[in-house]
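Scroll down for the structure; my scribbles are underneath it.
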Number of protein chains: 2
Amino acid sequence: MSRGLWGLILSGLSMALHAAPGLDADDLAAATLLRDSALNSDVAYELLESLTTEIGPRMAGSPNDARAVAWGVEKLQSLGFKNVHTQSFEFPLWRRGPESAEILAPFPQKLAFTALGGSIGSKPAGVTAEVVEVASFAALNDFPEAALRGKIAFINNRMADSRNGAGYGAAVVARTQGASAAAKKGALALVIRSIGTSNDRVAHTGIMNYDPTLTRIPAGAISNPDADLLAHMLKRGEPVKIRVIVGAKLSGTATSHNVIGDLPGSEFPDQYVVIGGHLDSWDLGTGALDDGAGVAITMAAAAHIGKHGPRPRRTIRVILWGNEEQGIWGGKAYAESQKNNLRQHWIGAESDFGAGKIYRFSSFTKPEALADIDKIMQVLAPLGIERGGTNASGGPDLGPMKALGMAMGGLEQDGTGYFDIHHTPNDTLDKVDPEALQQNVAAYVVFAYLSAQTRSDFGFGLTPPAAPVAR
Amino acid sequence: MSRGLWGLILSGLSMALHAAPGLDADDLAAATLLRDSALNSDVAYELLESLTTEIGPRMAGSPNDARAVAWGVEKLQSLGFKNVHTQSFEFPLWRRGPESAEILAPFPQKLAFTALGGSIGSKPAGVTAEVVEVASFAALNDFPEAALRGKIAFINNRMADSRNGAGYGAAVVARTQGASAAAKKGALALVIRSIGTSNDRVAHTGIMNYDPTLTRIPAGAISNPDADLLAHMLKRGEPVKIRVIVGAKLSGTATSHNVIGDLPGSEFPDQYVVIGGHLDSWDLGTGALDDGAGVAITMAAAAHIGKHGPRPRRTIRVILWGNEEQGIWGGKAYAESQKNNLRQHWIGAESDFGAGKIYRFSSFTKPEALADIDKIMQVLAPLGIERGGTNASGGPDLGPMKALGMAMGGLEQDGTGYFDIHHTPNDTLDKVDPEALQQNVAAYVVFAYLSAQTRSDFGFGLTPPAAPVAR
């Protein structure tokens, strides 16, 4: 569409401005045009191909993480974003080392194993002990202490697959808190069934935490087929002895960065609609779904508006969040930095649940904004998106901002099968459906454009529910 | 069913014997009863659980291979087989060592890599060189020599999935003959896209051969996602440098064994219907589908007849073949040992295509036997099995016997998805559907029982087509 035609639409919009407080027909018409052209854009896929091919795994604090930050700055600049800059923050540096697990007796077999993020290392020779199986994290807490002293605890709960990832939230406590719970009972190390749904022989990593009052023990995950194997062996009733080697190190402090770029608003350039994904990944795959997709979708969406649309009234800010995986470090740093600027943050949404199609749009705003949310919903509906609830999470990195009362949109992706891939070596580009990626971009275009055009008060001063957890 | 009732059936059968040369109604009735009771048997699954749990990977010549042979002897004895014995043979010993591949420039990334079976080792520091991509084995042969000299050849052909495994046969030449073809052009090493259909980040191993007139170079496979990554990087047009480390060793000679057990025939105990699977596996998975399933199915089928059926006229011989994977060593040894006993081998069938349901029954017999084959087909049909052609392979380990003119049955399994698993770490018990395993056992029960009852001349003196290849 020519700039002239946009001009006509804009003057219509300008006339409507004083007539009604909500989004008007011209806003919706412009968003519809942008949405439909975004469905034909290859920009997100090209960005994702570039990130996974030229950077690949980018664990926070690693040399590749620094290369990813440089990549983000360069791509935002070349896509025409303004005010492109980085925001630094520090965090404890964790590095993976050589790692393995194997059954030594009664039937020797190697196990597909990976250390959990944040685990301490074992001695180089590893921890060798008998395995004791517990059904779940809850069962571990109820376990008789004498049965675990000097043993390796094996939490064998399997997570369920679902569209919204509910099974993950239920199971992940075994990973995040299992080591300290096992240490409390005297265990020497923790092995968990992967918090993932895949039957591939690849183990699932992810962050864990230690209770500072308890002994820290090495912790790792084995793949689902290996957990099955170990369970089959244990059910024979003979002692099963395994050796676990974790070469990981947690030492010193690293620095990483959020990468920020703005599409400046025409009327209120210092009011922000914030979209983005997290730039860091785990080190096992190339971080295509977690969260290269979110990075690519949101960069492409804002760039699409900047290139093809009328300039919206507010600034669309894209944030490529740093170090989400190890504790939402970038998200916390951003919220801290914006303490005196909270009310300038209009609404936000992070894309961090893979590359499946968006099927639902939820919101978290003041009630006064719901009429505009309904209008946004009208333009999203033809993308196959249904209206969701009014407690949108906004994503892990915007959690700290939501905790301060910022409004959120929730463009909820179909996560069926996501936990087959997530945090494993299988998180690679071939798992991404280019058409689903385009649908995501189109939805973010609609959400970001119309949110930046709204006149109703979206938020701040909202009382958030419990903060979301890292994915 | 009581032995008394079997006696009645048997006397009916005995009367029919002189009346007609083919299988009679009593034969078919007995086979039908055995088939239906086999559908409720858990014996095959229990055997497979035992083999994968208590032995696991069992590459020919490894300590686990010897443990598997002992397992086979013990299980055949405890299942009531007679004449349980082993047959030894020798072969070159190949051992896997530390192995890795990584892209060094322009964008460093690690690759999921495994050495091909039979590959020589590299120097400990590996082979470091630029990669040259070729589309297929055929394209490699046509490639200009100068372009490969001092380089690492990368054959990037992807195999297609199919029910009958046709895609494997078309693609596997890159693995079996690629190294020598690359060496002929001056390449320093060979890397191939895995000859498998999985998008998991696990590479696919399997046997390769060297042309003795050419320089031997190290050879390995990368997973499909890694092949995609390498291709994405190469299409940027800059040189891509990789390092390949293969710690494998081919040295000396090892001994392994076929394990043989008989269910002796009531009338012609020295005439054999031969069924079986191969006991060895590759070392990456636990060999559940390749070929623990075939071992379990055929042991369970013959044992089911022995325990529940009337004793058939001929001997049903179960052979757990040794070292199929590295060149059908057990199959060749057996054929060699039976040179003076060929006509005692009535018909054979090996189960070696995973654990999917059998969907087709093909045959390879003299035309005189086709009337009986049609009767066997009648009893197989209710299992969802259709009639196939008259050029049954009989399986890789019976290939040498087929080459000498032995008749074969082909109980053809649905191999859709088989090459997602085959020869990778993902070949584990969880991939096996217990119900499909029961259907396989029931089909082998029908085939083995009725073949052992037939009166028509099945074979020998047959002119075989080209010998089948190792799977």
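Chain labels A, B, ... are given in the sequence in which chains occur in the structure tokens; within each chain residues are numbered consecutively from 1, and ligands are likewise numbered from 1 in the order shown.
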- Which polymer residues have any atom within 10 Å of an atom of Ala254 (chain B), counting only C-alpha atoms, with same-chain residues fewer than 3 positions away left out, as a ChimeraX atom specification? /B:60-62,89-94,251
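With only C-alpha atoms taken into account, the protein and nucleic acid residues at most 6 Å from Ser363 (chain B) (excluding it and anything under 2 positions from it in its own chain) are Thr390, Asn391, Ala392, Met408, Gly409 and Gly410 of chain B.
Counting from CA of Ile347 (chain B), the distance to CA of Glu74 (chain B) is 25.9 Å.
If you measure from each of B:Lys366, B:Arg314, B:Arg387, B:Arg236 to chain A using only C-alpha atoms, the closest one turns out to be B:Arg236.
Every chain B residue lying within 7 Å of chain A, based on only C-alpha atoms, is listed here: Thr53, Glu54, Ile55, Gly56, Phe107, Gln109, Asp200, Arg201, Pro225, Leu229, His232, Met233, Pro425, Asn426, Thr428 and Asp430 of chain B.
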Discussion item. Using DSSP secondary structure from the backbone, list all strand (DSSP E) positions within region 88-271 of chain B, as a PyMOL selection string.
Written reply: chain B and resi 88-95+99-105+109-111+113-115+127-134+152-155+189-193+219-222+241-246+249-263+268-271
**Spatial neighbours of Gly309 (chain A), max dist 8 Å, only C-alpha atoms, sep filter under 3 positions, as a PyMOL selection string** = chain A and resi 6+30+34+304-306
